[in-house]
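K.L.:
Questions regarding the structure given below will be posed in turn.
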Amino acid sequence: MAALHIDDSEFEHRILKANGTFLVDFWAEWCGPCRQISPILDEIANERAGRITIAKVNIDKNPGTPQKFGVRGIPTLIIFKDGQALSTKVGSLPKSKLVEWIDSVIGGA
């Protein structure tokens with residue numbers, strides 16, 4: 001399952017009012033670490049399909065949502081479950097650490 005690309009106008013409906021678990025990646029095209037973890041997040045989206053949905057918000061094109069969640073550095077990753085922010089990570093992490101973090105928040109595989 002590919003990552004969803006969400007804009008400011010969709011965020012509330014697609015993430016905050018949705019049932020399920022989402023990892024939201026706040027990123028920008030010019031951000032090297034963002035580009036570094038993007039394929040890793042795509043892998044995780046496929047491997048954890050049905051358990052967690054990966055969503056991406058481009059902060060340059062959608063400044064409102066990152067501001068609401070206090071995003072100051074990118075990449076910022078926030079896990080939401082049933083509309084509630086559960087955990088945040090800032091910066092690029094290797095796949096093993098991302099999976100470890102996700103599993104610690106939502107429960108292991």
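Scheme for the structure tokens: letters A, B, ... for chains in order shown; per-chain residue numbers from 1; ligand numbers from 1 in order shown.
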Neighbours of Val57 (chain A) within 7 Å (only C-alpha atoms; same-chain residues fewer than 4 positions away dropped), as a ChimeraX atom specification?
P.N.:
/A:5-7,25-27,62
K.L.:
Would you mind exporting N, CA and C atoms of the selected residues as a compact mmCIF listing (two decimals), in the first residue's frame?
P.N.:
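For reference, selection_25.txt as written:
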# COMPACT_ATOMS: atom_id res chain seq x y z
N HIS A 5 -0.74 10.98 0.29
CA HIS A 5 -0.26 12.36 0.31
C HIS A 5 -1.45 13.23 0.69
N ILE A 6 -1.33 13.90 1.82
CA ILE A 6 -2.46 14.63 2.40
C ILE A 6 -2.13 16.11 2.48
N ASP A 7 -3.12 16.94 2.17
CA ASP A 7 -2.91 18.39 2.29
C ASP A 7 -3.69 18.93 3.49
N ASP A 25 4.19 11.66 8.12
CA ASP A 25 5.54 12.15 7.83
C ASP A 25 5.43 13.59 7.34
N PHE A 26 5.92 14.53 8.15
CA PHE A 26 6.00 15.93 7.73
C PHE A 26 7.36 16.11 7.08
N TRP A 27 7.36 16.49 5.80
CA TRP A 27 8.58 16.50 5.01
C TRP A 27 8.59 17.68 4.04
N ASN A 62 1.78 22.85 2.50
CA ASN A 62 0.72 22.76 3.52
C ASN A 62 1.25 23.22 4.87
K.L.:
Run DSSP on the backbone and tell me which residues of chain A come out as strand (DSSP E or B); list them as a list in words.
P.N.:
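So, restricting chain A to strand (DSSP E or B), we get Leu4, His5, Thr21, Phe22, Leu23, Val24, Asp25, Phe26, Trp27, Thr53, Ile54, Ala55, Lys56, Val57, Asn58, Thr76, Leu77, Ile78, Ile79, Phe80, Lys81, Gln84, Ala85, Leu86, Ser87, Thr88, Lys89 and Val90 of chain A.
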K.L.:
For the selection just defined, write its residues with N, CA and C atoms to a file, as a CSV table (one decimal), in the first residue's frame.
P.N.:
chain,number,residue,atom,x,y,z
A,4,LEU,N,-0.1,7.8,1.6
A,4,LEU,CA,-1.1,8.8,1.2
A,4,LEU,C,-0.4,10.1,1.2
A,5,HIS,N,-0.7,11.0,0.3
A,5,HIS,CA,-0.3,12.4,0.3
A,5,HIS,C,-1.5,13.2,0.7
A,21,THR,N,-4.8,3.6,12.6
A,21,THR,CA,-3.5,4.1,13.0
A,21,THR,C,-2.8,4.6,11.8
A,22,PHE,N,-2.2,5.8,12.0
A,22,PHE,CA,-1.5,6.5,10.9
A,22,PHE,C,-0.1,7.0,11.4
A,23,LEU,N,0.9,6.8,10.6
A,23,LEU,CA,2.2,7.5,10.8
A,23,LEU,C,2.2,8.6,9.8
A,24,VAL,N,2.2,9.9,10.3
A,24,VAL,CA,2.3,11.0,9.4
A,24,VAL,C,3.7,11.6,9.3
A,25,ASP,N,4.2,11.7,8.1
A,25,ASP,CA,5.5,12.1,7.8
A,25,ASP,C,5.4,13.6,7.3
A,26,PHE,N,5.9,14.5,8.1
A,26,PHE,CA,6.0,15.9,7.7
A,26,PHE,C,7.4,16.1,7.1
A,27,TRP,N,7.4,16.5,5.8
A,27,TRP,CA,8.6,16.5,5.0
A,27,TRP,C,8.6,17.7,4.0
A,53,THR,N,-1.2,3.1,8.5
A,53,THR,CA,-1.2,3.7,7.2
A,53,THR,C,-0.1,4.9,7.3
A,54,ILE,N,0.7,5.0,6.2
A,54,ILE,CA,1.7,6.0,6.2
A,54,ILE,C,1.1,7.2,5.4
A,55,ALA,N,1.1,8.4,6.0
A,55,ALA,CA,0.6,9.6,5.3
A,55,ALA,C,1.7,10.6,5.3
A,56,LYS,N,1.8,11.4,4.2
A,56,LYS,CA,2.9,12.4,4.0
A,56,LYS,C,2.2,13.8,3.8
A,57,VAL,N,2.8,14.7,4.6
A,57,VAL,CA,2.4,16.1,4.4
A,57,VAL,C,3.6,17.0,4.1
A,58,ASN,N,3.5,17.6,2.9
A,58,ASN,CA,4.6,18.4,2.4
A,58,ASN,C,4.4,19.8,3.1
A,76,THR,N,9.6,15.2,10.6
A,76,THR,CA,8.9,14.9,11.9
A,76,THR,C,7.9,13.8,11.6
A,77,LEU,N,7.9,12.8,12.4
A,77,LEU,CA,7.0,11.6,12.3
A,77,LEU,C,6.1,11.6,13.5
A,78,ILE,N,4.8,11.6,13.3
A,78,ILE,CA,3.8,11.5,14.4
A,78,ILE,C,2.9,10.3,14.1
A,79,ILE,N,2.7,9.5,15.2
A,79,ILE,CA,1.8,8.4,15.1
A,79,ILE,C,0.5,8.8,15.7
A,80,PHE,N,-0.6,8.7,14.9
A,80,PHE,CA,-2.0,9.0,15.4
A,80,PHE,C,-2.8,7.7,15.4
A,81,LYS,N,-3.6,7.5,16.5
A,81,LYS,CA,-4.5,6.4,16.5
A,81,LYS,C,-5.9,7.0,16.9
A,84,GLN,N,-5.9,10.7,17.7
A,84,GLN,CA,-5.1,11.2,18.8
A,84,GLN,C,-3.6,10.9,18.5
A,85,ALA,N,-2.8,12.0,18.7
A,85,ALA,CA,-1.4,11.9,18.5
A,85,ALA,C,-0.8,11.1,19.7
A,86,LEU,N,-0.1,10.0,19.4
A,86,LEU,CA,0.4,9.1,20.4
A,86,LEU,C,1.9,9.3,20.7
A,87,SER,N,2.7,9.6,19.6
A,87,SER,CA,4.2,9.6,19.8
A,87,SER,C,4.8,10.4,18.6
A,88,THR,N,5.9,11.0,18.8
A,88,THR,CA,6.6,11.8,17.8
A,88,THR,C,8.0,11.5,17.8
A,89,LYS,N,8.6,11.5,16.6
A,89,LYS,CA,10.0,11.3,16.4
A,89,LYS,C,10.5,12.4,15.4
A,90,VAL,N,11.6,13.0,15.6
A,90,VAL,CA,12.1,14.0,14.7
A,90,VAL,C,13.5,13.5,14.2
K.L.:
Can you tell me which residues surround Asp82 (chain A) at a distance of at most 9 Å, considering only C-alpha atoms, apart from same-chain residues fewer than 5 positions away, and format the answer as a ChimeraX atom specification?
P.N.:
/A:15-22
K.L.:
When distances are computed from only C-alpha atoms, which of A:Ser104, A:Gln36, A:Ser92, A:Asn46 shows the smallest separation from Pro75 (chain A)?
P.N.:
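The shortest atom-to-atom distance to Pro75 (chain A) comes from A:Ser92.
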K.L.:
If you run DSSP over the backbone, which residues in chain A end up helix (DSSP H, G or I)? Put them as a ChimeraX atom specification.
P.N.:
/A:8-16,32-47,64-68,95-106
K.L.:
Wanna dump the region 63-95 of chain A-region 37-40 of chain A contacts at 8 Å for me, each residue with its shortest atom pair and the distance in Å to one decimal, counting only C-alpha atoms, ordered by chain and number, as CSV?
P.N.:
residue,atom,partner,partner_atom,distance
A:Ser92,CA,A:Ile37,CA,6.2
A:Leu93,CA,A:Ile37,CA,7.2
A:Pro94,CA,A:Ile37,CA,7.7
A:Lys95,CA,A:Ile40,CA,6.1
